[in-house]
Amino acid sequence: MKALHVDLAERSYPIYIGKGLLADCQRLLADKLNTQVMIISNTTIAPLYLDQLKQALSGYHLHSFIIADGEKYKTVDTYTDIITELLHRRLHRQCTLIALGGGVVGDISGFVAATYQRGVGYIQVPTTLLAQVDSSVGGKTAVNHALGKNMIGAFYQPQAVLADIGVLDTLPGREFNAGLAEVIKYGCINDADFFAWLMDNVAAMQQGEPEAIAVAVERSCRNKAEVVAQDETERGVRAILNLGHTFGHAIETAQAYQDCLHGEAVAIGMAMAADLSVRVGRLAEADKERIHQLLRLAGLPVQLPCNVTAATLGSHMAMDKKVKDGRLNLVLLDAIGHAVVTADVAESQLMATINAFMPSRASA
Ligand code: NAD
Ligand code: GLY
């Protein structure tokens with residue numbers, strides 16, 4: 001097992017990474033859990049792992065609540081259902097919530113934890129690659145609004161993250177690849193050596209080699225923990241973690257969360273951000289090609305889907321949380337391993353990238 005530390009003074013917490021950790025969670029989480037524990041999961045993950053988690057935590061007064069599966073349920077309605085259940089079961093302020101699931105369960109459970117009775121403790125037990133390398137770490141919690149993704153939320157750190165890479169054995173290949181998008185992101189923004197390692201090892205990860213997966217999860221979490229420790233609430237450097245996300249969130253919102261997975265939308269967004277970085281004279285064409293190559297090796301899309309128009313994409317991008325003083329701030333690359341946040345992009349350059357990624361035009 002590997003143990004990392006997210007260094008945030010009194011809000012610091014451990015990240016445990018390894019195979020078979022679910023069985024050991026009573027020992028690993030002993031100092032974090034209160035006697036009343038509510039496990040939140042969904043209709044796909046609960047049949048696979050809820051009993052295992054409950055058995056491992058047999059010494060606690062356990063409750064569970066199962067939500068519907070899917071990004072389209074990451075809503076205020078689902079949030080309210082969970083709060084109602086907590087109240088019906090009389091969970092008090094010293095309870096602990098456990099999010100057993102991917103990023104959707106993790107984000108919504110975290111937002112419940114941030115707000116239930118003005119805040120209760122919670123633990124992330126991420127079950128997708130994406131959640132293990134990204135969403136479970138860093139304390140961004142949210143639900144979606146019809147007008148925009150993650151528009152209702154809070155920064156609220158978990159008390160621990162327990163990433164059992166064994167649970168990835170049941171994750172569908174397409175979901176695994178979607179998680180690879182966020183892994184590749186760390187290489188692009190912060191870690192050129194990791195990017196090179198991924199070029200050589202992404203196939204081993206897709207074949208389920210536990211050592212390769214453990215290395216990638218640890219390296220990703222280490223990168224994320226370092227950035228979060230510098231800028232917990234995204235006043236500055238943390239924005240680089242959103243490489244590809246302004247395009248990606250706009251794609252997801254335009255499709256009403258029906259077609260592209262989050263990681264797939266981010267992959268397209270990163271391909272577009274690399275293209276735009278070349279257009280504004282920051283990134284070498286050869287680096288853009290390597291990024292597109294690695295995304296393709298990971299089985300990820302690098303062009304816009306047919307059901308998204310340039311106009312809808314543009315209008316959803318204008319709703320992005322990184323719009324400041326009416327100007328869109330974008331995460332671009334100066335090199336593989338070096339991201340910058342800039343508003344210095346002409347509308348014509350942005351539109352040139354969007355048009356180049358329309359399915360009929362894309363050469364990517
Ligand atoms: P997800 O939570 O929808 O999970 C993907 C699918 O895999 C679901 O159908 C789920 O039921 C299933 N699944 C999960 N674990 C499984 C397992 N072990 N075996 C079989 N099936 C399993 O999607 P995701 O990709 O994990 O997360 C995407 C969400 O995360 C988005 O809402 C995104 O906005 C959010 N996100 C948040 C942050 C953050 O910092 N908070 C960062 C990145 C993404
Ligand atoms: N996924 C972006 C962040 O955590 O800041």
# chains A, B, ... in the order shown; residues from 1 in each chain; ligands from 1

$ closest_atom_pairs --of "chain A" --to "ligand 2" --cutoff "6 Å" --atoms "only C-alpha atoms and all ligand atoms" --output "JSON lines"
{"residue": "A:Gly138", "atom": "CA", "partner": "ligand 2", "partner_atom_place_in_ligand_line": "4 (O)", "distance": 5.6}
{"residue": "A:Lys140", "atom": "CA", "partner": "ligand 2", "partner_atom_place_in_ligand_line": "4 (O)", "distance": 5.9}
{"residue": "A:Arg238", "atom": "CA", "partner": "ligand 2", "partner_atom_place_in_ligand_line": "5 (O)", "distance": 5.7}
{"residue": "A:Leu241", "atom": "CA", "partner": "ligand 2", "partner_atom_place_in_ligand_line": "2 (C)", "distance": 4.7}
{"residue": "A:Asn242", "atom": "CA", "partner": "ligand 2", "partner_atom_place_in_ligand_line": "2 (C)", "distance": 5.1}

$ write_last_selection --atoms "N, CA and C atoms" --output "compact mmCIF listing (two decimals), in the first residue's frame"
# COMPACT_ATOMS: atom_id res chain seq x y z
N GLY A 138 -9.01 16.67 -3.18
CA GLY A 138 -9.00 18.12 -3.42
C GLY A 138 -10.23 18.87 -2.96
N LYS A 140 -13.31 19.44 -4.12
CA LYS A 140 -14.35 20.10 -4.93
C LYS A 140 -15.59 19.23 -4.88
N ARG A 238 -4.31 26.37 -9.01
CA ARG A 238 -5.18 25.18 -9.13
C ARG A 238 -5.95 25.14 -10.46
N LEU A 241 -5.47 22.54 -13.20
CA LEU A 241 -6.09 21.21 -13.16
C LEU A 241 -7.30 21.13 -14.08
N ASN A 242 -7.71 22.27 -14.60
CA ASN A 242 -8.87 22.30 -15.48
C ASN A 242 -8.48 22.27 -16.96

$ residues_near_ligand --ligand "ligand 1" --cutoff "6 Å" --atoms "only C-alpha atoms and all ligand atoms" --output "list in words"
Thr44, Ile45, Asp69, Gly70, Glu71, Gly101, Gly102, Gly103, Val104, Val105, Asp107, Thr127, Thr128, Leu130, Ala131, Asp134, Ser135, Lys140, Thr141, Val167, Leu168, Thr170, Leu171, Glu175 and His262 of chain A

$ write_last_selection --atoms "N, CA and C atoms" --output "PDB file, in the first residue's frame"
ATOM      1  N   THR A  44     -25.354   0.633  -9.479  1.00  0.00           N
ATOM      2  CA  THR A  44     -24.379  -0.250 -10.139  1.00  0.00           C
ATOM      3  C   THR A  44     -23.302  -0.702  -9.160  1.00  0.00           C
ATOM      4  N   ILE A  45     -22.844   0.199  -8.341  1.00  0.00           N
ATOM      5  CA  ILE A  45     -21.687  -0.096  -7.481  1.00  0.00           C
ATOM      6  C   ILE A  45     -22.105  -0.841  -6.211  1.00  0.00           C
ATOM      7  N   ASP A  69     -27.893   5.731 -11.039  1.00  0.00           N
ATOM      8  CA  ASP A  69     -26.571   5.805 -11.658  1.00  0.00           C
ATOM      9  C   ASP A  69     -26.583   6.780 -12.842  1.00  0.00           C
ATOM     10  N   GLY A  70     -25.678   7.732 -12.834  1.00  0.00           N
ATOM     11  CA  GLY A  70     -25.527   8.569 -14.030  1.00  0.00           C
ATOM     12  C   GLY A  70     -25.329  10.033 -13.701  1.00  0.00           C
ATOM     13  N   GLU A  71     -24.587  10.686 -14.604  1.00  0.00           N
ATOM     14  CA  GLU A  71     -24.321  12.126 -14.456  1.00  0.00           C
ATOM     15  C   GLU A  71     -25.620  12.914 -14.410  1.00  0.00           C
ATOM     16  N   GLY A 101     -18.099   5.124  -4.707  1.00  0.00           N
ATOM     17  CA  GLY A 101     -18.487   5.237  -6.107  1.00  0.00           C
ATOM     18  C   GLY A 101     -17.525   6.076  -6.914  1.00  0.00           C
ATOM     19  N   GLY A 102     -17.978   6.421  -8.116  1.00  0.00           N
ATOM     20  CA  GLY A 102     -17.178   7.253  -9.001  1.00  0.00           C
ATOM     21  C   GLY A 102     -17.337   8.724  -8.658  1.00  0.00           C
ATOM     22  N   GLY A 103     -16.984   9.564  -9.614  1.00  0.00           N
ATOM     23  CA  GLY A 103     -17.006  10.998  -9.364  1.00  0.00           C
ATOM     24  C   GLY A 103     -18.391  11.549  -9.090  1.00  0.00           C
ATOM     25  N   VAL A 104     -19.423  10.944  -9.678  1.00  0.00           N
ATOM     26  CA  VAL A 104     -20.778  11.460  -9.449  1.00  0.00           C
ATOM     27  C   VAL A 104     -21.172  11.250  -7.989  1.00  0.00           C
ATOM     28  N   VAL A 105     -21.026  10.016  -7.500  1.00  0.00           N
ATOM     29  CA  VAL A 105     -21.343   9.737  -6.089  1.00  0.00           C
ATOM     30  C   VAL A 105     -20.448  10.582  -5.181  1.00  0.00           C
ATOM     31  N   ASP A 107     -18.865  13.523  -5.771  1.00  0.00           N
ATOM     32  CA  ASP A 107     -19.141  14.975  -5.793  1.00  0.00           C
ATOM     33  C   ASP A 107     -20.428  15.301  -5.034  1.00  0.00           C
ATOM     34  N   THR A 127     -14.292   4.466  -6.806  1.00  0.00           N
ATOM     35  CA  THR A 127     -14.316   3.149  -7.479  1.00  0.00           C
ATOM     36  C   THR A 127     -14.074   3.228  -8.980  1.00  0.00           C
ATOM     37  N   THR A 128     -13.891   4.435  -9.532  1.00  0.00           N
ATOM     38  CA  THR A 128     -13.473   4.531 -10.937  1.00  0.00           C
ATOM     39  C   THR A 128     -12.035   5.040 -10.971  1.00  0.00           C
ATOM     40  N   LEU A 130     -11.090   7.478 -12.792  1.00  0.00           N
ATOM     41  CA  LEU A 130     -11.184   8.941 -12.757  1.00  0.00           C
ATOM     42  C   LEU A 130     -11.319   9.456 -11.331  1.00  0.00           C
ATOM     43  N   ALA A 131     -12.137   8.784 -10.544  1.00  0.00           N
ATOM     44  CA  ALA A 131     -12.334   9.248  -9.165  1.00  0.00           C
ATOM     45  C   ALA A 131     -11.072   9.011  -8.333  1.00  0.00           C
ATOM     46  N   ASP A 134      -8.491  11.754  -9.446  1.00  0.00           N
ATOM     47  CA  ASP A 134      -8.867  13.165  -9.540  1.00  0.00           C
ATOM     48  C   ASP A 134      -9.983  13.572  -8.584  1.00  0.00           C
ATOM     49  N   SER A 135     -11.216  13.100  -8.838  1.00  0.00           N
ATOM     50  CA  SER A 135     -12.355  13.753  -8.165  1.00  0.00           C
ATOM     51  C   SER A 135     -12.402  13.504  -6.670  1.00  0.00           C
ATOM     52  N   LYS A 140     -13.314  19.439  -4.125  1.00  0.00           N
ATOM     53  CA  LYS A 140     -14.353  20.100  -4.927  1.00  0.00           C
ATOM     54  C   LYS A 140     -15.592  19.235  -4.880  1.00  0.00           C
ATOM     55  N   THR A 141     -16.696  19.794  -4.427  1.00  0.00           N
ATOM     56  CA  THR A 141     -17.947  19.041  -4.350  1.00  0.00           C
ATOM     57  C   THR A 141     -19.003  19.836  -5.104  1.00  0.00           C
ATOM     58  N   VAL A 167     -10.903  -2.708  -7.184  1.00  0.00           N
ATOM     59  CA  VAL A 167     -12.285  -2.518  -7.656  1.00  0.00           C
ATOM     60  C   VAL A 167     -12.327  -2.099  -9.126  1.00  0.00           C
ATOM     61  N   LEU A 168     -11.181  -1.688  -9.658  1.00  0.00           N
ATOM     62  CA  LEU A 168     -11.177  -1.287 -11.074  1.00  0.00           C
ATOM     63  C   LEU A 168     -11.340  -2.497 -11.994  1.00  0.00           C
ATOM     64  N   THR A 170     -13.731  -4.451 -12.208  1.00  0.00           N
ATOM     65  CA  THR A 170     -15.102  -4.542 -12.752  1.00  0.00           C
ATOM     66  C   THR A 170     -15.493  -3.311 -13.567  1.00  0.00           C
ATOM     67  N   LEU A 171     -14.592  -2.361 -13.675  1.00  0.00           N
ATOM     68  CA  LEU A 171     -14.930  -1.115 -14.384  1.00  0.00           C
ATOM     69  C   LEU A 171     -14.916  -1.362 -15.904  1.00  0.00           C
ATOM     70  N   GLU A 175     -15.046   3.257 -19.431  1.00  0.00           N
ATOM     71  CA  GLU A 175     -14.923   4.103 -18.230  1.00  0.00           C
ATOM     72  C   GLU A 175     -13.458   4.195 -17.791  1.00  0.00           C
ATOM     73  N   HIS A 262     -17.579  12.122 -18.985  1.00  0.00           N
ATOM     74  CA  HIS A 262     -16.823  13.308 -18.565  1.00  0.00           C
ATOM     75  C   HIS A 262     -15.369  13.225 -19.069  1.00  0.00           C
TER      76      HIS A 262
END

$ select_by_dssp --residues "range 278-363 of chain A" --states "strand (DSSP E)" --output "tab-separated table (two decimals) with N, CA, C and O atoms, in the first residue's frame"
chain	number	residue	atom	x	y	z
A	323	VAL	N	-14.71	32.43	-16.24
A	323	VAL	CA	-14.92	33.74	-16.85
A	323	VAL	C	-14.72	34.81	-15.78
A	323	VAL	O	-15.34	34.76	-14.73
A	324	LYS	N	-13.81	35.74	-16.05
A	324	LYS	CA	-13.55	36.83	-15.10
A	324	LYS	C	-13.64	38.15	-15.85
A	324	LYS	O	-13.01	38.30	-16.90
A	327	ARG	N	-14.18	38.05	-19.44
A	327	ARG	CA	-13.19	37.40	-20.32
A	327	ARG	C	-12.99	35.95	-19.91
A	327	ARG	O	-12.91	35.63	-18.72
A	328	LEU	N	-12.92	35.09	-20.90
A	328	LEU	CA	-12.75	33.67	-20.64
A	328	LEU	C	-11.28	33.38	-20.37
A	328	LEU	O	-10.41	33.71	-21.18
A	330	LEU	N	-8.45	30.67	-20.11
A	330	LEU	CA	-8.25	29.30	-20.61
A	330	LEU	C	-6.92	28.74	-20.10
A	330	LEU	O	-5.96	29.48	-19.90
A	331	VAL	N	-6.91	27.43	-19.89
A	331	VAL	CA	-5.66	26.75	-19.53
A	331	VAL	C	-5.02	26.30	-20.83
A	331	VAL	O	-5.60	25.53	-21.59
A	332	LEU	N	-3.82	26.81	-21.09
A	332	LEU	CA	-3.09	26.44	-22.31
A	332	LEU	C	-1.74	25.86	-21.92
A	332	LEU	O	-1.38	25.85	-20.73
A	333	LEU	N	-1.00	25.38	-22.90
A	333	LEU	CA	0.30	24.75	-22.62
A	333	LEU	C	1.42	25.50	-23.31
A	333	LEU	O	1.31	25.87	-24.48
A	334	ASP	N	2.52	25.72	-22.57
A	334	ASP	CA	3.75	26.24	-23.17
A	334	ASP	C	4.63	25.10	-23.66
A	334	ASP	O	5.48	25.27	-24.52
A	335	ALA	N	4.44	23.95	-22.99
A	335	ALA	CA	5.20	22.73	-23.34
A	335	ALA	C	4.48	21.58	-22.65
A	335	ALA	O	3.65	21.81	-21.78
A	338	HIS	N	4.01	21.87	-18.79
A	338	HIS	CA	3.97	23.25	-18.32
A	338	HIS	C	2.72	23.97	-18.82
A	338	HIS	O	2.62	24.34	-20.00
A	339	ALA	N	1.75	24.16	-17.88
A	339	ALA	CA	0.48	24.82	-18.23
A	339	ALA	C	0.49	26.26	-17.77
A	339	ALA	O	1.19	26.62	-16.81
A	340	VAL	N	-0.29	27.08	-18.46
A	340	VAL	CA	-0.48	28.48	-18.05
A	340	VAL	C	-1.97	28.80	-18.14
A	340	VAL	O	-2.70	28.20	-18.92
A	341	VAL	N	-2.41	29.76	-17.31
A	341	VAL	CA	-3.79	30.23	-17.41
A	341	VAL	C	-3.74	31.61	-18.04
A	341	VAL	O	-3.00	32.48	-17.57
A	342	THR	N	-4.49	31.81	-19.11
A	342	THR	CA	-4.40	33.08	-19.82
A	342	THR	C	-5.76	33.49	-20.40
A	342	THR	O	-6.55	32.64	-20.81

$ closest_residue --among "A:Phe195, A:Tyr73, A:Tyr156, A:Phe176" --to "Val112 in chain A" --atoms "only C-alpha atoms"
A:Tyr156

$ residues_around --residues "Tyr122 in chain A" --least-positions-apart "6" --cutoff "6 Å" --atoms "only C-alpha atoms" --output "NGL selection string"
:A and (96-98 or 158-159)

$ write_last_selection --atoms "all heavy atoms" --output "PDB file, in the first residue's frame"
ATOM      1  N   THR A  96     -20.539  10.231  10.077  1.00  0.00           N
ATOM      2  CA  THR A  96     -19.565  10.250   8.977  1.00  0.00           C
ATOM      3  C   THR A  96     -20.255   9.717   7.719  1.00  0.00           C
ATOM      4  O   THR A  96     -20.949   8.694   7.781  1.00  0.00           O
ATOM      5  CB  THR A  96     -18.368   9.324   9.275  1.00  0.00           C
ATOM      6  OG1 THR A  96     -17.789   9.710  10.527  1.00  0.00           O
ATOM      7  CG2 THR A  96     -17.315   9.406   8.180  1.00  0.00           C
ATOM      8  N   LEU A  97     -20.076  10.400   6.595  1.00  0.00           N
ATOM      9  CA  LEU A  97     -20.579   9.894   5.314  1.00  0.00           C
ATOM     10  C   LEU A  97     -19.423   9.215   4.576  1.00  0.00           C
ATOM     11  O   LEU A  97     -18.279   9.680   4.650  1.00  0.00           O
ATOM     12  CB  LEU A  97     -21.127  11.028   4.446  1.00  0.00           C
ATOM     13  CG  LEU A  97     -22.143  11.985   5.064  1.00  0.00           C
ATOM     14  CD1 LEU A  97     -22.705  12.924   3.994  1.00  0.00           C
ATOM     15  CD2 LEU A  97     -23.267  11.219   5.740  1.00  0.00           C
ATOM     16  N   ILE A  98     -19.732   8.131   3.895  1.00  0.00           N
ATOM     17  CA  ILE A  98     -18.731   7.489   3.034  1.00  0.00           C
ATOM     18  C   ILE A  98     -19.285   7.479   1.615  1.00  0.00           C
ATOM     19  O   ILE A  98     -20.391   6.976   1.375  1.00  0.00           O
ATOM     20  CB  ILE A  98     -18.429   6.042   3.481  1.00  0.00           C
ATOM     21  CG1 ILE A  98     -17.852   6.024   4.903  1.00  0.00           C
ATOM     22  CG2 ILE A  98     -17.445   5.383   2.500  1.00  0.00           C
ATOM     23  CD1 ILE A  98     -17.475   4.623   5.402  1.00  0.00           C
ATOM     24  N   PRO A 158     -12.389  15.955   2.144  1.00  0.00           N
ATOM     25  CA  PRO A 158     -12.692  14.709   2.864  1.00  0.00           C
ATOM     26  C   PRO A 158     -11.694  14.514   4.012  1.00  0.00           C
ATOM     27  O   PRO A 158     -10.691  15.208   4.098  1.00  0.00           O
ATOM     28  CB  PRO A 158     -12.495  13.632   1.794  1.00  0.00           C
ATOM     29  CG  PRO A 158     -11.490  14.213   0.860  1.00  0.00           C
ATOM     30  CD  PRO A 158     -11.723  15.708   0.859  1.00  0.00           C
ATOM     31  N   GLN A 159     -11.988  13.545   4.876  1.00  0.00           N
ATOM     32  CA  GLN A 159     -11.067  13.245   5.983  1.00  0.00           C
ATOM     33  C   GLN A 159     -10.055  12.172   5.588  1.00  0.00           C
ATOM     34  O   GLN A 159      -9.036  11.999   6.256  1.00  0.00           O
ATOM     35  CB  GLN A 159     -11.856  12.774   7.192  1.00  0.00           C
ATOM     36  CG  GLN A 159     -12.760  13.863   7.748  1.00  0.00           C
ATOM     37  CD  GLN A 159     -13.634  13.330   8.845  1.00  0.00           C
ATOM     38  OE1 GLN A 159     -14.367  12.361   8.653  1.00  0.00           O
ATOM     39  NE2 GLN A 159     -13.561  13.934  10.008  1.00  0.00           N
TER      40      GLN A 159
END
